[in-house]
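> Got input.pdb for you, PDB, C-alpha atoms and all ligand atoms:
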```
ATOM      1  CA  MET A 196     -23.842 227.666  11.811  1.00  0.00           C
ATOM      2  CA  VAL A 197     -26.595 229.940  13.049  1.00  0.00           C
ATOM      3  CA  GLN A 198     -26.599 232.538  15.793  1.00  0.00           C
ATOM      4  CA  LEU A 199     -29.435 232.556  18.280  1.00  0.00           C
ATOM      5  CA  ASN A 200     -30.288 235.254  20.803  1.00  0.00           C
ATOM      6  CA  VAL A 201     -30.744 233.263  24.008  1.00  0.00           C
ATOM      7  CA  ASN A 202     -31.249 234.897  27.398  1.00  0.00           C
ATOM      8  CA  GLY A 203     -29.852 238.163  26.043  1.00  0.00           C
ATOM      9  CA  ARG A 204     -26.673 236.653  24.560  1.00  0.00           C
ATOM     10  CA  LEU A 205     -25.822 235.753  20.981  1.00  0.00           C
ATOM     11  CA  ARG A 206     -24.877 232.078  20.882  1.00  0.00           C
ATOM     12  CA  ASP A 207     -23.409 230.074  17.999  1.00  0.00           C
ATOM     13  CA  CYS A 208     -25.338 226.912  17.197  1.00  0.00           C
ATOM     14  CA  ASP A 209     -24.284 224.229  14.789  1.00  0.00           C
ATOM     15  CA  ALA A 210     -26.971 221.660  14.055  1.00  0.00           C
ATOM     16  CA  GLU A 211     -29.138 220.417  11.203  1.00  0.00           C
ATOM     17  CA  GLY A 212     -31.996 222.779  10.351  1.00  0.00           C
ATOM     18  CA  ASP A 213     -34.609 220.279  11.454  1.00  0.00           C
ATOM     19  CA  THR A 214     -33.093 219.930  14.933  1.00  0.00           C
ATOM     20  CA  PRO A 215     -35.689 221.028  17.509  1.00  0.00           C
ATOM     21  CA  LEU A 216     -34.749 224.114  19.501  1.00  0.00           C
ATOM     22  CA  LEU A 217     -35.095 222.025  22.678  1.00  0.00           C
ATOM     23  CA  TRP A 218     -32.066 219.915  21.774  1.00  0.00           C
ATOM     24  CA  VAL A 219     -30.028 222.929  20.706  1.00  0.00           C
ATOM     25  CA  LEU A 220     -30.711 224.531  24.087  1.00  0.00           C
ATOM     26  CA  ARG A 221     -29.992 221.415  26.098  1.00  0.00           C
ATOM     27  CA  GLU A 222     -27.140 219.790  24.191  1.00  0.00           C
ATOM     28  CA  GLN A 223     -25.309 222.666  22.539  1.00  0.00           C
ATOM     29  CA  LEU A 224     -25.902 225.502  24.968  1.00  0.00           C
ATOM     30  CA  GLY A 225     -26.083 223.482  28.198  1.00  0.00           C
ATOM     31  CA  LEU A 226     -29.403 225.004  29.209  1.00  0.00           C
ATOM     32  CA  THR A 227     -30.897 221.886  30.734  1.00  0.00           C
ATOM     33  CA  GLY A 228     -33.655 223.583  32.728  1.00  0.00           C
ATOM     34  CA  THR A 229     -35.903 223.136  29.689  1.00  0.00           C
ATOM     35  CA  LYS A 230     -37.159 219.542  29.746  1.00  0.00           C
ATOM     36  CA  TYR A 231     -38.153 216.881  27.266  1.00  0.00           C
ATOM     37  CA  GLY A 232     -41.459 215.245  28.022  1.00  0.00           C
ATOM     38  CA  CYS A 233     -43.324 214.128  24.926  1.00  0.00           C
ATOM     39  CA  GLY A 234     -41.625 215.645  21.882  1.00  0.00           C
ATOM     40  CA  ILE A 235     -44.974 216.288  20.187  1.00  0.00           C
ATOM     41  CA  ALA A 236     -46.082 219.637  21.640  1.00  0.00           C
ATOM     42  CA  GLN A 237     -48.491 218.042  24.094  1.00  0.00           C
ATOM     43  CA  CYS A 238     -47.001 218.269  27.587  1.00  0.00           C
ATOM     44  CA  GLY A 239     -45.384 221.729  27.757  1.00  0.00           C
ATOM     45  CA  ALA A 240     -42.263 220.594  29.666  1.00  0.00           C
ATOM     46  CA  CYS A 241     -40.137 222.213  26.937  1.00  0.00           C
ATOM     47  CA  THR A 242     -41.826 225.643  27.062  1.00  0.00           C
ATOM     48  CA  VAL A 243     -39.605 228.669  26.434  1.00  0.00           C
ATOM     49  CA  HIS A 244     -40.441 232.220  25.361  1.00  0.00           C
ATOM     50  CA  ILE A 245     -39.808 233.319  21.804  1.00  0.00           C
ATOM     51  CA  ASP A 246     -40.398 237.057  21.496  1.00  0.00           C
ATOM     52  CA  GLY A 247     -42.463 236.789  24.666  1.00  0.00           C
ATOM     53  CA  GLN A 248     -44.717 234.014  23.405  1.00  0.00           C
ATOM     54  CA  PRO A 249     -44.776 230.677  25.223  1.00  0.00           C
ATOM     55  CA  THR A 250     -43.433 228.189  22.708  1.00  0.00           C
ATOM     56  CA  ARG A 251     -42.983 224.416  22.806  1.00  0.00           C
ATOM     57  CA  SER A 252     -39.378 224.116  21.833  1.00  0.00           C
ATOM     58  CA  CYS A 253     -39.571 220.388  21.052  1.00  0.00           C
ATOM     59  CA  VAL A 254     -41.358 221.126  17.792  1.00  0.00           C
ATOM     60  CA  ARG A 255     -39.637 224.375  16.809  1.00  0.00           C
ATOM     61  CA  PRO A 256     -36.940 223.652  14.223  1.00  0.00           C
ATOM     62  CA  LEU A 257     -33.666 225.507  14.319  1.00  0.00           C
ATOM     63  CA  SER A 258     -34.189 226.517  10.658  1.00  0.00           C
ATOM     64  CA  SER A 259     -37.146 228.711  11.694  1.00  0.00           C
ATOM     65  CA  LEU A 260     -34.983 230.835  14.006  1.00  0.00           C
ATOM     66  CA  SER A 261     -32.267 233.450  13.708  1.00  0.00           C
ATOM     67  CA  SER A 262     -30.632 236.025  15.938  1.00  0.00           C
ATOM     68  CA  LYS A 263     -33.703 238.251  15.454  1.00  0.00           C
ATOM     69  CA  GLU A 264     -35.956 236.251  17.763  1.00  0.00           C
ATOM     70  CA  LYS A 265     -35.454 236.756  21.479  1.00  0.00           C
ATOM     71  CA  ILE A 266     -35.424 233.345  23.133  1.00  0.00           C
ATOM     72  CA  VAL A 267     -35.751 233.175  26.910  1.00  0.00           C
ATOM     73  CA  THR A 268     -35.395 229.946  28.873  1.00  0.00           C
ATOM     74  CA  ILE A 269     -36.037 229.287  32.557  1.00  0.00           C
ATOM     75  CA  GLU A 270     -32.376 230.175  33.207  1.00  0.00           C
ATOM     76  CA  GLY A 271     -32.980 233.654  31.770  1.00  0.00           C
ATOM     77  CA  LEU A 272     -36.371 234.436  33.289  1.00  0.00           C
ATOM     78  CA  SER A 273     -34.639 236.329  36.082  1.00  0.00           C
ATOM     79  CA  ALA A 274     -31.026 236.706  37.135  1.00  0.00           C
ATOM     80  CA  ASP A 275     -31.565 235.192  40.577  1.00  0.00           C
ATOM     81  CA  ALA A 276     -34.886 233.333  40.530  1.00  0.00           C
ATOM     82  CA  THR A 277     -36.741 236.388  41.822  1.00  0.00           C
ATOM     83  CA  HIS A 278     -39.346 236.703  39.098  1.00  0.00           C
ATOM     84  CA  ALA A 279     -42.744 237.022  40.823  1.00  0.00           C
ATOM     85  CA  VAL A 280     -43.795 233.646  39.418  1.00  0.00           C
ATOM     86  CA  GLN A 281     -40.681 231.940  40.769  1.00  0.00           C
ATOM     87  CA  LYS A 282     -41.194 233.573  44.172  1.00  0.00           C
ATOM     88  CA  ALA A 283     -44.834 232.496  44.299  1.00  0.00           C
ATOM     89  CA  TRP A 284     -43.825 228.955  43.278  1.00  0.00           C
ATOM     90  CA  ASN A 285     -41.381 228.832  46.186  1.00  0.00           C
ATOM     91  CA  GLU A 286     -43.811 230.347  48.637  1.00  0.00           C
ATOM     92  CA  LEU A 287     -46.520 227.786  47.861  1.00  0.00           C
ATOM     93  CA  ASP A 288     -44.133 224.826  47.384  1.00  0.00           C
ATOM     94  CA  VAL A 289     -45.673 224.114  44.004  1.00  0.00           C
ATOM     95  CA  PRO A 290     -43.278 221.461  42.625  1.00  0.00           C
ATOM     96  CA  GLN A 291     -43.502 217.810  43.500  1.00  0.00           C
ATOM     97  CA  CYS A 292     -40.997 215.861  41.359  1.00  0.00           C
ATOM     98  CA  GLY A 293     -40.281 219.124  39.526  1.00  0.00           C
ATOM     99  CA  PHE A 294     -39.929 217.749  36.009  1.00  0.00           C
ATOM    100  CA  CYS A 295     -42.740 219.775  34.441  1.00  0.00           C
ATOM    101  CA  GLN A 296     -42.171 222.895  36.492  1.00  0.00           C
ATOM    102  CA  SER A 297     -39.845 225.004  34.372  1.00  0.00           C
ATOM    103  CA  GLY A 298     -42.342 224.695  31.527  1.00  0.00           C
ATOM    104  CA  MET A 299     -45.173 225.570  33.909  1.00  0.00           C
ATOM    105  CA  ILE A 300     -43.299 228.646  35.176  1.00  0.00           C
ATOM    106  CA  MET A 301     -42.523 229.854  31.658  1.00  0.00           C
ATOM    107  CA  ALA A 302     -46.164 229.406  30.606  1.00  0.00           C
ATOM    108  CA  ALA A 303     -47.357 231.202  33.757  1.00  0.00           C
ATOM    109  CA  ALA A 304     -44.944 234.123  33.266  1.00  0.00           C
ATOM    110  CA  ALA A 305     -46.152 234.576  29.686  1.00  0.00           C
ATOM    111  CA  LEU A 306     -49.778 234.414  30.811  1.00  0.00           C
ATOM    112  CA  LEU A 307     -49.268 237.133  33.437  1.00  0.00           C
ATOM    113  CA  LYS A 308     -47.539 239.356  30.906  1.00  0.00           C
ATOM    114  CA  ALA A 309     -50.513 239.036  28.547  1.00  0.00           C
ATOM    115  CA  LYS A 310     -53.176 239.034  31.271  1.00  0.00           C
ATOM    116  CA  PRO A 311     -52.038 240.568  34.574  1.00  0.00           C
ATOM    117  CA  ARG A 312     -55.197 239.526  36.488  1.00  0.00           C
ATOM    118  CA  PRO A 313     -56.230 236.174  35.059  1.00  0.00           C
ATOM    119  CA  THR A 314     -59.378 234.411  36.219  1.00  0.00           C
ATOM    120  CA  ASP A 315     -59.401 230.691  36.976  1.00  0.00           C
ATOM    121  CA  ALA A 316     -60.879 230.172  33.510  1.00  0.00           C
ATOM    122  CA  ASP A 317     -58.046 232.210  31.922  1.00  0.00           C
ATOM    123  CA  ILE A 318     -55.503 230.113  33.817  1.00  0.00           C
ATOM    124  CA  ASP A 319     -57.126 226.848  32.813  1.00  0.00           C
ATOM    125  CA  ALA A 320     -57.243 227.960  29.172  1.00  0.00           C
ATOM    126  CA  ALA A 321     -53.616 229.125  29.086  1.00  0.00           C
ATOM    127  CA  MET A 322     -51.989 226.456  31.248  1.00  0.00           C
ATOM    128  CA  THR A 323     -52.278 223.386  29.071  1.00  0.00           C
ATOM    129  CA  ASN A 324     -49.037 221.933  30.478  1.00  0.00           C
ATOM    130  CA  ILE A 325     -49.286 218.409  31.838  1.00  0.00           C
ATOM    131  CA  CYS A 326     -48.091 217.505  35.347  1.00  0.00           C
ATOM    132  CA  ARG A 327     -47.840 213.816  36.197  1.00  0.00           C
ATOM    133  CA  CYS A 328     -47.776 214.737  39.891  1.00  0.00           C
ATOM    134  CA  GLY A 329     -51.034 216.678  39.692  1.00  0.00           C
ATOM    135  CA  THR A 330     -49.812 220.033  40.989  1.00  0.00           C
ATOM    136  CA  TYR A 331     -52.547 221.876  39.097  1.00  0.00           C
ATOM    137  CA  ASN A 332     -54.272 223.390  42.145  1.00  0.00           C
ATOM    138  CA  ARG A 333     -51.016 224.784  43.530  1.00  0.00           C
ATOM    139  CA  VAL A 334     -50.051 226.070  40.076  1.00  0.00           C
ATOM    140  CA  ARG A 335     -53.306 227.971  39.877  1.00  0.00           C
ATOM    141  CA  ALA A 336     -52.920 229.376  43.406  1.00  0.00           C
ATOM    142  CA  ALA A 337     -49.340 230.446  42.687  1.00  0.00           C
ATOM    143  CA  ILE A 338     -50.391 232.266  39.529  1.00  0.00           C
ATOM    144  CA  HIS A 339     -52.976 234.230  41.527  1.00  0.00           C
ATOM    145  CA  LEU A 340     -50.340 234.977  44.189  1.00  0.00           C
ATOM    146  CA  ALA A 341     -47.844 236.174  41.570  1.00  0.00           C
ATOM    147  CA  ALA A 342     -50.535 238.286  39.875  1.00  0.00           C
ATOM    148  CA  GLY A 343     -51.261 240.030  43.190  1.00  0.00           C
ATOM    149  CA  GLN A 344     -47.569 240.631  43.826  1.00  0.00           C
ATOM    150  CA  LEU A 345     -47.020 242.039  40.348  1.00  0.00           C
ATOM    151  CA  GLN A 346     -50.029 244.311  40.728  1.00  0.00           C
ATOM    152  CA  ARG A 347     -48.796 245.638  44.088  1.00  0.00           C
ATOM    153  CA  LYS A 348     -45.381 246.248  42.518  1.00  0.00           C
ATOM    154  CA  SER A 349     -46.898 248.147  39.609  1.00  0.00           C
ATOM    155  CA  ILE A 350     -49.040 250.286  41.980  1.00  0.00           C
ATOM    156  CA  ALA A 351     -45.910 251.061  44.055  1.00  0.00           C
ATOM    157  CA  ILE A 352     -43.996 252.080  40.929  1.00  0.00           C
ATOM    158  CA  THR A 353     -46.895 254.297  39.808  1.00  0.00           C
ATOM    159  CA  ILE A 354     -47.035 255.998  43.238  1.00  0.00           C
ATOM    160  CA  GLN A 355     -43.243 256.492  43.214  1.00  0.00           C
ATOM    161  CA  THR A 356     -43.362 257.922  39.681  1.00  0.00           C
ATOM    162  CA  GLU A 357     -46.222 260.266  40.498  1.00  0.00           C
ATOM    163  CA  GLY A 358     -44.521 261.270  43.753  1.00  0.00           C
ATOM    164  CA  GLY A 359     -41.319 261.968  41.811  1.00  0.00           C
ATOM    165  CA  ALA A 360     -43.188 264.010  39.204  1.00  0.00           C
ATOM    166  CA  ALA A 361     -44.976 266.171  41.786  1.00  0.00           C
TER     167      ALA A 361
HETATM  168  S1  LIG A 401     -41.641 217.965  25.237  1.00  0.00           S
HETATM  169 FE1  LIG A 401     -42.413 219.631  24.146  1.00  0.00          FE
HETATM  170  S2  LIG A 401     -44.515 219.668  24.585  1.00  0.00           S
HETATM  171 FE2  LIG A 401     -43.779 217.845  25.536  1.00  0.00          FE
HETATM  172  S1  LIG A 402     -44.237 218.182  39.503  1.00  0.00           S
HETATM  173 FE1  LIG A 402     -43.899 216.164  38.802  1.00  0.00          FE
HETATM  174  S2  LIG A 402     -44.593 216.200  36.753  1.00  0.00           S
HETATM  175 FE2  LIG A 402     -45.195 218.080  37.547  1.00  0.00          FE
END
```
I need this file expressed as structure tokens, please.

Amino acid sequence: MVQLNVNGRLRDCDAEGDTPLLWVLREQLGLTGTKYGCGIAQCGACTVHIDGQPTRSCVRPLSSLSSKEKIVTIEGLSADATHAVQKAWNELDVPQCGFCQSGMIMAAAALLKAKPRPTDADIDAAMTNICRCGTYNRVRAAIHLAAGQLQRKSIAITIQTEGGAA
């Protein structure tokens, strides 16, 4: 038995140490938003955040994790799907079949945290997720849209803070 910190909650998990995190999330914890695509770290459908880093959960064994790492899945990215990336995805109707999209969103959210104003080249370098439906252009546009929204939010917070301090 091992405890994992998933979406801000400690969860008991009982599986062999070599069980990939993906299957623990899906089958033991019922968090089925994280998808299985290839199982060999190639497609990105299984992307979650571990301590803020985008991680392909299909190749991350349970034995490498404890309650110390903060794991965030698509279900925990925001309480009500209002993360800027999720909003931009909705606004631009990014998904087609949708299968790859939770992994795409998790990769995009991690990218914007590391690089708030990514260039097209930054996006192409970071977003190595595979989409069978070819949504790549909309993914890129949505990341730029989310980046702009996050920047406006941070400027508004700075103005509010400075206004409050004056
Ligand atoms: S299922 Fe993990 S990268 Fe494809
Ligand atoms: S939206 Fe269908 S695989 Fe990406």
> Let me make sure I understand: among A:Thr250, A:Leu224, A:Ala309, A:Leu260, which one has the smallest atom-to-atom distance to Val197 in chain A if we use all atoms listed in the file?
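Ranking A:Thr250, A:Leu224, A:Ala309, A:Leu260 by distance to Val197 in chain A, first place goes to A:Leu260.
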> Go through the shown structure with the PyMOL selection byres (((chain A and resi 300) around 9) and not hetatm) and write out the matching residues as a list in words.
Thr242, Ile269, Val280, Gln281, Trp284, Cys295, Gln296, Ser297, Gly298, Met299, Met301, Ala302, Ala303, Ala304, Ala305 and Val334 of chain A
> Take the PyMOL selection byres (((not hetatm)) within 9 of (chain A and resi 402)), apply it to the structure above, and return the hits as a PyMOL selection string.
chain A and resi 240+289-296+299+324-331
> Collect all residues with atoms no farther than 7 Å from ligand LIG 401 (chain A), counting all atoms listed in the file, and output them as a list in words.
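The residues within 7 Å of ligand LIG 401 (chain A), counting all atoms listed in the file, are Lys230, Tyr231, Gly232, Cys233, Gly234, Ile235, Ala236, Gln237, Cys238, Gly239, Ala240, Cys241, Thr242, Arg251, Ser252, Cys253 and Val254 of chain A.
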> When you draw a straight line from CA of Gln344 in chain A to CA of Leu226 in chain A, how long is it in Å?
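Result for CA of Gln344 in chain A versus CA of Leu226 in chain A: 28.1 Å, one decimal.
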> What does the distance from CA of His244 in chain A to CA of Lys265 in chain A come to in Å, to one decimal?
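CA of His244 in chain A sits 7.8 Å away from CA of Lys265 in chain A.
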> Quick one: pull the distance between CA of Lys308 in chain A and CA of Ala336 in chain A, Å, one decimal.
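About the pair CA of Lys308 in chain A and CA of Ala336 in chain A: they are 16.9 Å apart.
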> Using the chain letters and numbers from this file, what does the PyMOL selection byres (((chain A and resi 245) around 7) and not hetatm) select? Give the answer as a ChimeraX atom specification.
/A:243-244,246-250,264-267
> Export C-alpha atoms of the chosen residues as a short mmCIF file (atom, residue, chain, number, x, y, z; two decimals), keeping the file's coordinate frame?

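Saved as part_31.cif:
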```cif
data_model
loop_
_atom_site.label_atom_id
_atom_site.label_comp_id
_atom_site.auth_asym_id
_atom_site.auth_seq_id
_atom_site.Cartn_x
_atom_site.Cartn_y
_atom_site.Cartn_z
CA VAL A 243 -39.60 228.67 26.43
CA HIS A 244 -40.44 232.22 25.36
CA ASP A 246 -40.40 237.06 21.50
CA GLY A 247 -42.46 236.79 24.67
CA GLN A 248 -44.72 234.01 23.40
CA PRO A 249 -44.78 230.68 25.22
CA THR A 250 -43.43 228.19 22.71
CA GLU A 264 -35.96 236.25 17.76
CA LYS A 265 -35.45 236.76 21.48
CA ILE A 266 -35.42 233.34 23.13
CA VAL A 267 -35.75 233.18 26.91
#
```
> With only C-alpha atoms as the atoms that count, which of A:Asn285, A:Gln346, A:Thr229, A:Gln223 lies nearest to Leu199 in chain A?
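Between A:Asn285, A:Gln346, A:Thr229, A:Gln223, the residue approaching Leu199 in chain A most closely is A:Gln223.
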> Could you give me the centre and size, in Å to one decimal, of an axis-aligned box around all listed atoms of range 248-252 of chain A with 5 Å added on every side, as lines of an AutoDock Vina configuration file?

```
center_x = -42.1
center_y = 229.1
center_z = 23.5
size_x = 15.4
size_y = 19.9
size_z = 13.4
```
> For Thr214 in chain A, list every protein, DNA or RNA residue within 7 Å, evaluated using all atoms listed in the file, and leave out those in the same chain fewer than 3 positions away; present the list as a list in words.
Ala210, Glu211, Trp218, Pro256 and Leu257 of chain A
> I'd like the contact shell of range 200-202 of chain A - 8 Å cut-off, all atoms listed in the file, skipping same-chain residues fewer than 2 positions apart - returned as a list in words.
Gln198, Arg204, Leu205, Arg206, Ser261, Ser262, Lys263, Glu264, Lys265, Ile266, Val267, Thr268, Glu270, Gly271 and Leu272 of chain A
> From the list A:Ser273, A:Lys310, A:Ala321, A:Lys348, which residue is nearest Gly203 in chain A when using all atoms listed in the file?
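Closest residue, counting all atoms listed in the file: A:Ser273.
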